[in-house]
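Next comes model_39.tsv, with TSV, N, CA and C atoms.
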chain	number	residue	atom	x	y	z
Q	1	MET	N	-77.51	-21.88	-88.80
Q	1	MET	CA	-76.91	-23.18	-88.98
Q	1	MET	C	-77.55	-23.86	-90.20
Q	2	ILE	N	-76.72	-24.45	-91.01
Q	2	ILE	CA	-77.20	-25.18	-92.18
Q	2	ILE	C	-77.67	-26.55	-91.72
Q	3	LYS	N	-78.87	-26.92	-92.12
Q	3	LYS	CA	-79.41	-28.23	-91.77
Q	3	LYS	C	-79.16	-29.22	-92.90
Q	4	LYS	N	-78.72	-30.38	-92.51
Q	4	LYS	CA	-78.53	-31.51	-93.43
Q	4	LYS	C	-79.37	-32.66	-92.91
Q	5	SER	N	-80.07	-33.35	-93.78
Q	5	SER	CA	-80.86	-34.50	-93.35
Q	5	SER	C	-79.97	-35.74	-93.29
Q	6	PHE	N	-80.07	-36.45	-92.20
Q	6	PHE	CA	-79.26	-37.64	-91.96
Q	6	PHE	C	-80.13	-38.89	-92.04
Q	7	LEU	N	-79.60	-39.91	-92.67
Q	7	LEU	CA	-80.20	-41.24	-92.65
Q	7	LEU	C	-79.18	-42.16	-92.02
Q	8	ILE	N	-79.52	-42.69	-90.86
Q	8	ILE	CA	-78.65	-43.63	-90.15
Q	8	ILE	C	-79.12	-45.04	-90.51
Q	9	VAL	N	-78.24	-45.83	-91.12
Q	9	VAL	CA	-78.58	-47.17	-91.57
Q	9	VAL	C	-78.00	-48.18	-90.58
Q	10	CYS	N	-78.89	-48.97	-89.98
Q	10	CYS	CA	-78.51	-49.95	-88.96
Q	10	CYS	C	-78.63	-51.35	-89.55
Q	11	ARG	N	-77.51	-52.05	-89.66
Q	11	ARG	CA	-77.49	-53.38	-90.28
Q	11	ARG	C	-77.11	-54.49	-89.32
Q	12	ARG	N	-76.75	-54.14	-88.09
Q	12	ARG	CA	-76.21	-55.13	-87.16
Q	12	ARG	C	-77.18	-55.44	-86.03
Q	13	ALA	N	-77.06	-56.64	-85.48
Q	13	ALA	CA	-77.86	-57.06	-84.33
Q	13	ALA	C	-77.52	-56.17	-83.13
Q	14	PRO	N	-78.41	-56.09	-82.15
Q	14	PRO	CA	-78.21	-55.15	-81.05
Q	14	PRO	C	-77.11	-55.52	-80.07
Q	15	TYR	N	-76.68	-56.77	-80.03
Q	15	TYR	CA	-75.70	-57.18	-79.03
Q	15	TYR	C	-74.52	-57.89	-79.69
Q	16	GLY	N	-73.40	-57.91	-78.99
Q	16	GLY	CA	-72.21	-58.61	-79.48
Q	16	GLY	C	-71.17	-57.69	-80.09
Q	17	GLU	N	-71.60	-56.55	-80.59
Q	17	GLU	CA	-70.71	-55.55	-81.18
Q	17	GLU	C	-71.22	-54.17	-80.75
Q	18	SER	N	-70.44	-53.17	-81.00
Q	18	SER	CA	-70.83	-51.83	-80.59
Q	18	SER	C	-71.56	-51.04	-81.68
Q	19	TYR	N	-71.76	-51.62	-82.85
Q	19	TYR	CA	-72.34	-50.89	-83.97
Q	19	TYR	C	-73.73	-50.32	-83.66
Q	20	ALA	N	-74.58	-51.10	-83.04
Q	20	ALA	CA	-75.94	-50.65	-82.75
Q	20	ALA	C	-75.92	-49.45	-81.80
Q	21	ARG	N	-75.09	-49.52	-80.79
Q	21	ARG	CA	-74.98	-48.41	-79.84
Q	21	ARG	C	-74.38	-47.17	-80.52
Q	22	GLU	N	-73.39	-47.37	-81.36
Q	22	GLU	CA	-72.77	-46.25	-82.07
Q	22	GLU	C	-73.76	-45.56	-83.00
Q	23	ALA	N	-74.59	-46.35	-83.68
Q	23	ALA	CA	-75.61	-45.76	-84.56
Q	23	ALA	C	-76.58	-44.90	-83.75
Q	24	LEU	N	-76.99	-45.41	-82.60
Q	24	LEU	CA	-77.89	-44.66	-81.73
Q	24	LEU	C	-77.22	-43.38	-81.23
Q	25	ASP	N	-75.96	-43.47	-80.84
Q	25	ASP	CA	-75.22	-42.29	-80.37
Q	25	ASP	C	-75.14	-41.22	-81.45
Q	26	VAL	N	-74.84	-41.63	-82.68
Q	26	VAL	CA	-74.74	-40.68	-83.79
Q	26	VAL	C	-76.09	-40.03	-84.07
Q	27	ALA	N	-77.15	-40.84	-84.07
Q	27	ALA	CA	-78.49	-40.30	-84.31
Q	27	ALA	C	-78.86	-39.26	-83.25
Q	28	LEU	N	-78.60	-39.58	-82.00
Q	28	LEU	CA	-78.93	-38.65	-80.92
Q	28	LEU	C	-78.07	-37.38	-80.98
Q	29	ALA	N	-76.80	-37.52	-81.34
Q	29	ALA	CA	-75.93	-36.36	-81.46
Q	29	ALA	C	-76.40	-35.44	-82.59
Q	30	CYS	N	-76.76	-36.01	-83.72
Q	30	CYS	CA	-77.25	-35.19	-84.83
Q	30	CYS	C	-78.53	-34.46	-84.43
Q	31	ALA	N	-79.42	-35.17	-83.78
Q	31	ALA	CA	-80.69	-34.56	-83.35
Q	31	ALA	C	-80.46	-33.48	-82.31
Q	32	ALA	N	-79.47	-33.68	-81.44
Q	32	ALA	CA	-79.16	-32.67	-80.42
Q	32	ALA	C	-78.71	-31.36	-81.05
Q	33	PHE	N	-78.14	-31.45	-82.25
Q	33	PHE	CA	-77.74	-30.24	-82.99
Q	33	PHE	C	-78.81	-29.82	-83.98
Q	34	ASP	N	-80.03	-30.26	-83.72
Q	34	ASP	CA	-81.22	-29.84	-84.47
Q	34	ASP	C	-81.16	-30.20	-85.96
Q	35	GLN	N	-80.54	-31.34	-86.25
Q	35	GLN	CA	-80.49	-31.84	-87.63
Q	35	GLN	C	-81.59	-32.90	-87.79
Q	36	PRO	N	-82.30	-32.91	-88.90
Q	36	PRO	CA	-83.32	-33.94	-89.12
Q	36	PRO	C	-82.68	-35.32	-89.30
Q	37	VAL	N	-83.19	-36.29	-88.56
Q	37	VAL	CA	-82.61	-37.64	-88.56
Q	37	VAL	C	-83.72	-38.66	-88.81
Q	38	ALA	N	-83.41	-39.61	-89.69
Q	38	ALA	CA	-84.25	-40.78	-89.90
Q	38	ALA	C	-83.35	-41.99	-89.72
Q	39	MET	N	-83.95	-43.12	-89.38
Q	39	MET	CA	-83.17	-44.34	-89.22
Q	39	MET	C	-83.79	-45.44	-90.07
Q	40	LEU	N	-82.92	-46.23	-90.69
Q	40	LEU	CA	-83.33	-47.36	-91.53
Q	40	LEU	C	-82.70	-48.62	-90.96
Q	41	PHE	N	-83.53	-49.64	-90.71
Q	41	PHE	CA	-83.07	-50.89	-90.15
Q	41	PHE	C	-83.14	-51.98	-91.22
Q	42	LEU	N	-81.98	-52.55	-91.56
Q	42	LEU	CA	-81.86	-53.57	-92.59
Q	42	LEU	C	-81.27	-54.84	-91.99
Q	43	GLY	N	-81.50	-55.96	-92.61
Q	43	GLY	CA	-80.88	-57.21	-92.17
Q	43	GLY	C	-81.10	-57.46	-90.69
Q	44	ASP	N	-80.02	-57.88	-90.00
Q	44	ASP	CA	-80.11	-58.13	-88.57
Q	44	ASP	C	-80.39	-56.85	-87.77
Q	45	GLY	N	-80.27	-55.71	-88.40
Q	45	GLY	CA	-80.58	-54.45	-87.73
Q	45	GLY	C	-82.02	-54.37	-87.24
Q	46	VAL	N	-82.93	-55.08	-87.91
Q	46	VAL	CA	-84.33	-55.05	-87.46
Q	46	VAL	C	-84.48	-55.63	-86.05
Q	47	LEU	N	-83.54	-56.47	-85.64
Q	47	LEU	CA	-83.60	-57.06	-84.31
Q	47	LEU	C	-83.40	-56.01	-83.22
Q	48	GLN	N	-82.82	-54.87	-83.57
Q	48	GLN	CA	-82.66	-53.79	-82.60
Q	48	GLN	C	-84.01	-53.29	-82.11
Q	49	LEU	N	-85.02	-53.37	-82.94
Q	49	LEU	CA	-86.35	-52.87	-82.60
Q	49	LEU	C	-87.27	-53.92	-81.99
Q	50	SER	N	-86.80	-55.15	-81.92
Q	50	SER	CA	-87.65	-56.24	-81.43
Q	50	SER	C	-88.03	-56.04	-79.97
Q	51	ALA	N	-89.31	-56.20	-79.68
Q	51	ALA	CA	-89.79	-56.10	-78.31
Q	51	ALA	C	-89.38	-57.31	-77.48
Q	52	ALA	N	-88.92	-58.36	-78.11
Q	52	ALA	CA	-88.57	-59.60	-77.41
Q	52	ALA	C	-87.11	-59.67	-77.00
Q	53	GLN	N	-86.43	-58.54	-76.93
Q	53	GLN	CA	-85.01	-58.54	-76.55
Q	53	GLN	C	-84.84	-58.85	-75.08
Q	54	HIS	N	-83.72	-59.50	-74.77
Q	54	HIS	CA	-83.42	-59.82	-73.38
Q	54	HIS	C	-81.96	-59.47	-73.10
Q	55	GLY	N	-81.64	-58.19	-73.16
Q	55	GLY	CA	-80.27	-57.75	-72.91
Q	55	GLY	C	-79.79	-58.09	-71.53
Q	56	ALA	N	-80.68	-58.10	-70.55
Q	56	ALA	CA	-80.28	-58.41	-69.17
Q	56	ALA	C	-79.70	-59.81	-69.07
Q	57	ALA	N	-80.13	-60.72	-69.93
Q	57	ALA	CA	-79.63	-62.10	-69.90
Q	57	ALA	C	-78.14	-62.16	-70.20
Q	58	ILE	N	-77.63	-61.15	-70.91
Q	58	ILE	CA	-76.20	-61.11	-71.22
Q	58	ILE	C	-75.50	-59.95	-70.52
Q	59	GLY	N	-76.17	-59.39	-69.53
Q	59	GLY	CA	-75.56	-58.33	-68.73
Q	59	GLY	C	-75.55	-56.96	-69.39
Q	60	GLN	N	-76.46	-56.71	-70.31
Q	60	GLN	CA	-76.53	-55.41	-70.98
Q	60	GLN	C	-77.94	-54.85	-70.86
Q	61	LYS	N	-78.02	-53.53	-70.95
Q	61	LYS	CA	-79.34	-52.89	-71.00
Q	61	LYS	C	-80.01	-53.27	-72.31
Q	62	SER	N	-81.32	-53.34	-72.28
Q	62	SER	CA	-82.07	-53.63	-73.50
Q	62	SER	C	-81.85	-52.50	-74.50
Q	63	HIS	N	-81.42	-52.86	-75.68
Q	63	HIS	CA	-81.22	-51.85	-76.73
Q	63	HIS	C	-82.56	-51.24	-77.13
Q	64	ALA	N	-83.61	-52.03	-77.10
Q	64	ALA	CA	-84.94	-51.52	-77.44
Q	64	ALA	C	-85.36	-50.42	-76.47
Q	65	THR	N	-85.02	-50.56	-75.21
Q	65	THR	CA	-85.33	-49.53	-74.23
Q	65	THR	C	-84.59	-48.25	-74.56
Q	66	GLN	N	-83.33	-48.37	-74.96
Q	66	GLN	CA	-82.56	-47.20	-75.33
Q	66	GLN	C	-83.14	-46.53	-76.58
Q	67	LEU	N	-83.60	-47.33	-77.53
Q	67	LEU	CA	-84.21	-46.77	-78.74
Q	67	LEU	C	-85.51	-46.03	-78.43
Q	68	SER	N	-86.16	-46.40	-77.34
Q	68	SER	CA	-87.42	-45.75	-77.00
Q	68	SER	C	-87.23	-44.27	-76.66
Q	69	ALA	N	-85.98	-43.84	-76.48
Q	69	ALA	CA	-85.70	-42.42	-76.24
Q	69	ALA	C	-85.70	-41.59	-77.52
Q	70	LEU	N	-85.73	-42.24	-78.67
Q	70	LEU	CA	-85.65	-41.50	-79.94
Q	70	LEU	C	-86.72	-40.42	-80.08
Q	71	PRO	N	-87.99	-40.68	-79.76
Q	71	PRO	CA	-88.99	-39.62	-79.89
Q	71	PRO	C	-88.71	-38.39	-79.03
Q	72	LEU	N	-88.01	-38.57	-77.93
Q	72	LEU	CA	-87.65	-37.42	-77.08
Q	72	LEU	C	-86.70	-36.47	-77.79
Q	73	TYR	N	-85.99	-36.99	-78.78
Q	73	TYR	CA	-85.06	-36.19	-79.58
Q	73	TYR	C	-85.64	-35.85	-80.95
Q	74	ASP	N	-86.93	-36.01	-81.09
Q	74	ASP	CA	-87.64	-35.76	-82.36
Q	74	ASP	C	-87.18	-36.66	-83.49
Q	75	ILE	N	-86.70	-37.84	-83.16
Q	75	ILE	CA	-86.37	-38.85	-84.17
Q	75	ILE	C	-87.55	-39.81	-84.21
Q	76	GLU	N	-88.43	-39.56	-85.13
Q	76	GLU	CA	-89.65	-40.35	-85.21
Q	76	GLU	C	-89.83	-41.02	-86.56
Q	77	THR	N	-88.89	-40.79	-87.47
Q	77	THR	CA	-88.98	-41.39	-88.79
Q	77	THR	C	-88.08	-42.61	-88.82
Q	78	LEU	N	-88.71	-43.77	-88.66
Q	78	LEU	CA	-87.99	-45.04	-88.64
Q	78	LEU	C	-88.50	-45.91	-89.77
Q	79	TYR	N	-87.56	-46.46	-90.53
Q	79	TYR	CA	-87.90	-47.33	-91.66
Q	79	TYR	C	-87.34	-48.72	-91.40
Q	80	VAL	N	-88.06	-49.72	-91.88
Q	80	VAL	CA	-87.64	-51.11	-91.72
Q	80	VAL	C	-87.81	-51.83	-93.05
Q	81	ASP	N	-86.84	-52.66	-93.37
Q	81	ASP	CA	-86.87	-53.48	-94.58
Q	81	ASP	C	-87.89	-54.61	-94.42
Q	82	ALA	N	-88.87	-54.66	-95.29
Q	82	ALA	CA	-89.92	-55.68	-95.24
Q	82	ALA	C	-89.34	-57.09	-95.33
Q	83	GLN	N	-88.37	-57.29	-96.20
Q	83	GLN	CA	-87.76	-58.61	-96.37
Q	83	GLN	C	-87.03	-59.05	-95.11
Q	84	ALA	N	-86.36	-58.12	-94.44
Q	84	ALA	CA	-85.63	-58.45	-93.22
Q	84	ALA	C	-86.61	-58.87	-92.12
Q	85	LEU	N	-87.73	-58.18	-92.02
Q	85	LEU	CA	-88.74	-58.56	-91.04
Q	85	LEU	C	-89.26	-59.97	-91.33
Q	86	GLN	N	-89.60	-60.20	-92.58
Q	86	GLN	CA	-90.16	-61.49	-92.96
Q	86	GLN	C	-89.16	-62.63	-92.72
Q	87	ALA	N	-87.89	-62.39	-93.05
Q	87	ALA	CA	-86.87	-63.42	-92.88
Q	87	ALA	C	-86.67	-63.79	-91.41
Q	88	ARG	N	-86.98	-62.86	-90.52
Q	88	ARG	CA	-86.82	-63.09	-89.08
Q	88	ARG	C	-88.15	-63.36	-88.39
Q	89	GLN	N	-89.16	-63.64	-89.20
Q	89	GLN	CA	-90.51	-63.96	-88.74
Q	89	GLN	C	-91.05	-62.90	-87.77
Q	90	LEU	N	-90.86	-61.63	-88.15
Q	90	LEU	CA	-91.36	-60.49	-87.38
Q	90	LEU	C	-92.31	-59.68	-88.26
Q	91	ASP	N	-93.13	-58.89	-87.62
Q	91	ASP	CA	-93.87	-57.85	-88.34
Q	91	ASP	C	-93.85	-56.60	-87.49
Q	92	SER	N	-94.41	-55.54	-88.01
Q	92	SER	CA	-94.29	-54.24	-87.34
Q	92	SER	C	-94.91	-54.23	-85.95
Q	93	THR	N	-95.83	-55.13	-85.67
Q	93	THR	CA	-96.45	-55.18	-84.33
Q	93	THR	C	-95.50	-55.81	-83.30
Q	94	ASP	N	-94.43	-56.43	-83.75
Q	94	ASP	CA	-93.44	-57.03	-82.85
Q	94	ASP	C	-92.36	-56.05	-82.43
Q	95	LEU	N	-92.46	-54.81	-82.89
Q	95	LEU	CA	-91.40	-53.82	-82.68
Q	95	LEU	C	-91.79	-52.82	-81.60
Q	96	VAL	N	-90.79	-52.21	-80.97
Q	96	VAL	CA	-91.04	-51.32	-79.83
Q	96	VAL	C	-91.44	-49.90	-80.23
Q	97	LEU	N	-91.22	-49.55	-81.46
Q	97	LEU	CA	-91.56	-48.21	-81.95
Q	97	LEU	C	-92.31	-48.32	-83.28
Q	98	PRO	N	-93.14	-47.33	-83.59
Q	98	PRO	CA	-93.80	-47.35	-84.89
Q	98	PRO	C	-92.79	-47.15	-86.02
Q	99	VAL	N	-92.96	-47.91	-87.08
Q	99	VAL	CA	-92.05	-47.86	-88.23
Q	99	VAL	C	-92.83	-47.82	-89.52
Q	100	GLN	N	-92.12	-47.43	-90.56
Q	100	GLN	CA	-92.65	-47.53	-91.92
Q	100	GLN	C	-91.93	-48.70	-92.57
Q	101	VAL	N	-92.69	-49.70	-92.97
Q	101	VAL	CA	-92.11	-50.89	-93.61
Q	101	VAL	C	-91.96	-50.61	-95.10
Q	102	LEU	N	-90.75	-50.82	-95.61
Q	102	LEU	CA	-90.45	-50.51	-97.00
Q	102	LEU	C	-90.02	-51.74	-97.79
Q	103	ALA	N	-90.41	-51.77	-99.04
Q	103	ALA	CA	-89.93	-52.78	-99.99
Q	103	ALA	C	-88.57	-52.34	-100.52
Q	104	ALA	N	-87.88	-53.24	-101.18
Q	104	ALA	CA	-86.52	-52.97	-101.68
Q	104	ALA	C	-86.46	-51.73	-102.57
Q	105	ALA	N	-87.41	-51.57	-103.47
Q	105	ALA	CA	-87.41	-50.41	-104.37
Q	105	ALA	C	-87.58	-49.10	-103.60
Q	106	GLU	N	-88.39	-49.14	-102.56
Q	106	GLU	CA	-88.59	-47.94	-101.75
Q	106	GLU	C	-87.34	-47.58	-100.95
Q	107	ILE	N	-86.60	-48.61	-100.53
Q	107	ILE	CA	-85.35	-48.37	-99.80
Q	107	ILE	C	-84.33	-47.70	-100.70
Q	108	SER	N	-84.23	-48.16	-101.93
Q	108	SER	CA	-83.30	-47.54	-102.89
Q	108	SER	C	-83.61	-46.07	-103.08
Q	109	ALA	N	-84.88	-45.75	-103.20
Q	109	ALA	CA	-85.29	-44.36	-103.39
Q	109	ALA	C	-85.04	-43.53	-102.13
Q	110	LEU	N	-85.12	-44.15	-100.96
Q	110	LEU	CA	-84.94	-43.44	-99.70
Q	110	LEU	C	-83.56	-42.82	-99.59
Q	111	PHE	N	-82.55	-43.50	-100.05
Q	111	PHE	CA	-81.18	-42.99	-99.96
Q	111	PHE	C	-81.02	-41.64	-100.65
Q	112	ALA	N	-81.71	-41.46	-101.74
Q	112	ALA	CA	-81.59	-40.22	-102.50
Q	112	ALA	C	-82.29	-39.04	-101.83
Q	113	THR	N	-83.10	-39.29	-100.83
Q	113	THR	CA	-83.85	-38.21	-100.19
Q	113	THR	C	-83.14	-37.61	-98.99
Q	114	HIS	N	-81.94	-38.07	-98.69
Q	114	HIS	CA	-81.19	-37.56	-97.54
Q	114	HIS	C	-79.83	-37.01	-97.99
Q	115	ASP	N	-79.40	-35.97	-97.29
Q	115	ASP	CA	-78.11	-35.35	-97.63
Q	115	ASP	C	-76.94	-36.23	-97.22
Q	116	ILE	N	-77.05	-36.86	-96.06
Q	116	ILE	CA	-75.95	-37.66	-95.51
Q	116	ILE	C	-76.49	-39.01	-95.09
Q	117	VAL	N	-75.84	-40.08	-95.55
Q	117	VAL	CA	-76.21	-41.45	-95.21
Q	117	VAL	C	-75.03	-42.07	-94.49
Q	118	LEU	N	-75.28	-42.55	-93.26
Q	118	LEU	CA	-74.23	-43.19	-92.47
Q	118	LEU	C	-74.65	-44.62	-92.16
Q	119	GLY	N	-73.78	-45.58	-92.43
Q	119	GLY	CA	-74.09	-46.97	-92.19
Q	119	GLY	C	-73.33	-47.55	-91.02
Q	120	PHE	N	-74.00	-48.39	-90.25
Q	120	PHE	CA	-73.41	-49.05	-89.09
Q	120	PHE	C	-73.74	-50.53	-89.13

Please go through the file and, once you have read it, give me the structure as structure tokens.
Amino acid sequence: MIKKSFLIVCRRAPYGESYAREALDVALACAAFDQPVAMLFLGDGVLQLSAAQHGAAIGQKSHATQLSALPLYDIETLYVDAQALQARQLDSTDLVLPVQVLAAAEISALFATHDIVLGF
């Protein structure tokens, strides 16, 4: 099987739309077929990783809890936009999984290191 590296780009908040769940489903499906997967969280997408989520308050499972399954699928490369964290008054210690915090220039370079980039 030919391996292609995937970068899943998450730009949406965890609740209110299905984009966050769809991004997670695609990442898990790619990993299930033994494809290398990394995820990048930009803008409101960083809220998906927030430990302060309260999905139960709106009748949904915590998206952060669902993301905690990523290491079970060998998805351990997670990137977060430094500006997005700062704009939402978060830092990497506020997140449910370990991440690599990237500046804008590093994010631009990241896109070129993956065969397939999918945005949600």

When DSSP works through the backbone of this structure, what residues of range 5-105 of chain Q end up as strand (DSSP E or B), shown as an mmCIF file with N, CA and C atoms, keeping the file's coordinate frame?
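Once written, part17.cif looks like this:
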data_model
loop_
_atom_site.group_PDB
_atom_site.id
_atom_site.type_symbol
_atom_site.label_atom_id
_atom_site.label_comp_id
_atom_site.auth_asym_id
_atom_site.auth_seq_id
_atom_site.Cartn_x
_atom_site.Cartn_y
_atom_site.Cartn_z
ATOM 1 N N PHE Q 6 -80.070 -36.450 -92.200
ATOM 2 C CA PHE Q 6 -79.260 -37.640 -91.960
ATOM 3 C C PHE Q 6 -80.130 -38.890 -92.040
ATOM 4 N N LEU Q 7 -79.600 -39.910 -92.670
ATOM 5 C CA LEU Q 7 -80.200 -41.240 -92.650
ATOM 6 C C LEU Q 7 -79.180 -42.160 -92.020
ATOM 7 N N ILE Q 8 -79.520 -42.690 -90.860
ATOM 8 C CA ILE Q 8 -78.650 -43.630 -90.150
ATOM 9 C C ILE Q 8 -79.120 -45.040 -90.510
ATOM 10 N N VAL Q 9 -78.240 -45.830 -91.120
ATOM 11 C CA VAL Q 9 -78.580 -47.170 -91.570
ATOM 12 C C VAL Q 9 -78.000 -48.180 -90.580
ATOM 13 N N CYS Q 10 -78.890 -48.970 -89.980
ATOM 14 C CA CYS Q 10 -78.510 -49.950 -88.960
ATOM 15 C C CYS Q 10 -78.630 -51.350 -89.550
ATOM 16 N N VAL Q 37 -83.190 -36.290 -88.560
ATOM 17 C CA VAL Q 37 -82.610 -37.640 -88.560
ATOM 18 C C VAL Q 37 -83.720 -38.660 -88.810
ATOM 19 N N ALA Q 38 -83.410 -39.610 -89.690
ATOM 20 C CA ALA Q 38 -84.250 -40.780 -89.900
ATOM 21 C C ALA Q 38 -83.350 -41.990 -89.720
ATOM 22 N N MET Q 39 -83.950 -43.120 -89.380
ATOM 23 C CA MET Q 39 -83.170 -44.340 -89.220
ATOM 24 C C MET Q 39 -83.790 -45.440 -90.070
ATOM 25 N N LEU Q 40 -82.920 -46.230 -90.690
ATOM 26 C CA LEU Q 40 -83.330 -47.360 -91.530
ATOM 27 C C LEU Q 40 -82.700 -48.620 -90.960
ATOM 28 N N PHE Q 41 -83.530 -49.640 -90.710
ATOM 29 C CA PHE Q 41 -83.070 -50.890 -90.150
ATOM 30 C C PHE Q 41 -83.140 -51.980 -91.220
ATOM 31 N N SER Q 50 -86.800 -55.150 -81.920
ATOM 32 C CA SER Q 50 -87.650 -56.240 -81.430
ATOM 33 C C SER Q 50 -88.030 -56.040 -79.970
ATOM 34 N N THR Q 77 -88.890 -40.790 -87.470
ATOM 35 C CA THR Q 77 -88.980 -41.390 -88.790
ATOM 36 C C THR Q 77 -88.080 -42.610 -88.820
ATOM 37 N N LEU Q 78 -88.710 -43.770 -88.660
ATOM 38 C CA LEU Q 78 -87.990 -45.040 -88.640
ATOM 39 C C LEU Q 78 -88.500 -45.910 -89.770
ATOM 40 N N TYR Q 79 -87.560 -46.460 -90.530
ATOM 41 C CA TYR Q 79 -87.900 -47.330 -91.660
ATOM 42 C C TYR Q 79 -87.340 -48.720 -91.400
ATOM 43 N N VAL Q 80 -88.060 -49.720 -91.880
ATOM 44 C CA VAL Q 80 -87.640 -51.110 -91.720
ATOM 45 C C VAL Q 80 -87.810 -51.830 -93.050
ATOM 46 N N ASP Q 81 -86.840 -52.660 -93.370
ATOM 47 C CA ASP Q 81 -86.870 -53.480 -94.580
ATOM 48 C C ASP Q 81 -87.890 -54.610 -94.420
ATOM 49 N N LEU Q 95 -92.460 -54.810 -82.890
ATOM 50 C CA LEU Q 95 -91.400 -53.820 -82.680
ATOM 51 C C LEU Q 95 -91.790 -52.820 -81.600
ATOM 52 N N GLN Q 100 -92.120 -47.430 -90.560
ATOM 53 C CA GLN Q 100 -92.650 -47.530 -91.920
ATOM 54 C C GLN Q 100 -91.930 -48.700 -92.570
ATOM 55 N N VAL Q 101 -92.690 -49.700 -92.970
ATOM 56 C CA VAL Q 101 -92.110 -50.890 -93.610
ATOM 57 C C VAL Q 101 -91.960 -50.610 -95.100
ATOM 58 N N LEU Q 102 -90.750 -50.820 -95.610
ATOM 59 C CA LEU Q 102 -90.450 -50.510 -97.000
ATOM 60 C C LEU Q 102 -90.020 -51.740 -97.790
#

Proximity check range 55-87 of chain Q to range 44-48 of chain Q, 7 Å, nearest pairs one decimal Å, only N, CA and C atoms, as JSON lines:
{"residue": "Q:His63", "atom": "C", "partner": "Q:Gln48", "partner_atom": "C", "distance": 5.6}
{"residue": "Q:Ala64", "atom": "CA", "partner": "Q:Gln48", "partner_atom": "C", "distance": 5.1}
{"residue": "Q:Val80", "atom": "CA", "partner": "Q:Val46", "partner_atom": "CA", "distance": 6.7}
{"residue": "Q:Asp81", "atom": "N", "partner": "Q:Val46", "partner_atom": "CA", "distance": 6.9}
{"residue": "Q:Ala84", "atom": "C", "partner": "Q:Val46", "partner_atom": "CA", "distance": 6.4}
{"residue": "Q:Leu85", "atom": "N", "partner": "Q:Val46", "partner_atom": "CA", "distance": 6.5}

Expected file: the selected residues, N, CA and C atoms, as a short mmCIF file (atom, residue, chain, number, x, y, z; two decimals), in the coordinates of the input:
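Result file again.cif:
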data_model
loop_
_atom_site.label_atom_id
_atom_site.label_comp_id
_atom_site.auth_asym_id
_atom_site.auth_seq_id
_atom_site.Cartn_x
_atom_site.Cartn_y
_atom_site.Cartn_z
N HIS Q 63 -81.42 -52.86 -75.68
CA HIS Q 63 -81.22 -51.85 -76.73
C HIS Q 63 -82.56 -51.24 -77.13
N ALA Q 64 -83.61 -52.03 -77.10
CA ALA Q 64 -84.94 -51.52 -77.44
C ALA Q 64 -85.36 -50.42 -76.47
N VAL Q 80 -88.06 -49.72 -91.88
CA VAL Q 80 -87.64 -51.11 -91.72
C VAL Q 80 -87.81 -51.83 -93.05
N ASP Q 81 -86.84 -52.66 -93.37
CA ASP Q 81 -86.87 -53.48 -94.58
C ASP Q 81 -87.89 -54.61 -94.42
N ALA Q 84 -86.36 -58.12 -94.44
CA ALA Q 84 -85.63 -58.45 -93.22
C ALA Q 84 -86.61 -58.87 -92.12
N LEU Q 85 -87.73 -58.18 -92.02
CA LEU Q 85 -88.74 -58.56 -91.04
C LEU Q 85 -89.26 -59.97 -91.33
#

Test item, alpha helix (DSSP H) assignment across range 9-61 of chain Q, answer as a PyMOL selection string: chain Q and resi 19-32

Of the candidates Q:Ala29, Q:Glu76, Q:Glu17, Q:Leu67, which one gets nearest to Gln100 in chain Q if we count all atoms listed in the file?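 Smallest separation from Gln100 in chain Q among the options: Q:Glu76.
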
Closest to Leu7 in chain Q among Q:Ala87, Q:Ala31, Q:Pro98, Q:Met39, using all atoms listed in the file? Q:Met39

Between CA of Ile8 in chain Q and atom C of Val26 in chain Q - distance in Å to one decimal: 7.5 Å

Students should find that atom N of Ser18 in chain Q and atom N of Val117 in chain Q are spaced 20.3 Å

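Of the residues listed (Q:Val99, Q:Ala27, Q:Ala52, Q:Ser108), Q:Ala27 shows the shortest atom-to-atom separation from Leu70 in chain Q; distances use all atoms listed in the file.
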
Distance criterion (only C-alpha atoms): nearest to Arg21 in chain Q out of Q:Gln83, Q:Ser62, Q:Arg88, Q:Val37: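 Ranked by minimum distance to Arg21 in chain Q, first place goes to Q:Ser62.
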
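Checking Q:Met1, Q:Ile116, Q:Ala103, Q:Val96 one by one against Gln66 in chain Q, counting only C-alpha atoms, you find the shortest gap at Q:Val96.
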
Report the distance between CA of Leu102 in chain Q and CA of Lys61 in chain Q in Å, rounded to one decimal place.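 Pair CA of Leu102 in chain Q / CA of Lys61 in chain Q returns 28.4 Å.
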
Find, counting all atoms listed in the file, the residue in Q:Thr65, Q:Leu78, Q:Gln86, Q:Phe120 that gets nearest to Glu22 in chain Q.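 Checking each of Q:Thr65, Q:Leu78, Q:Gln86, Q:Phe120 against Glu22 in chain Q, counting all atoms listed in the file, the winner is Q:Phe120.
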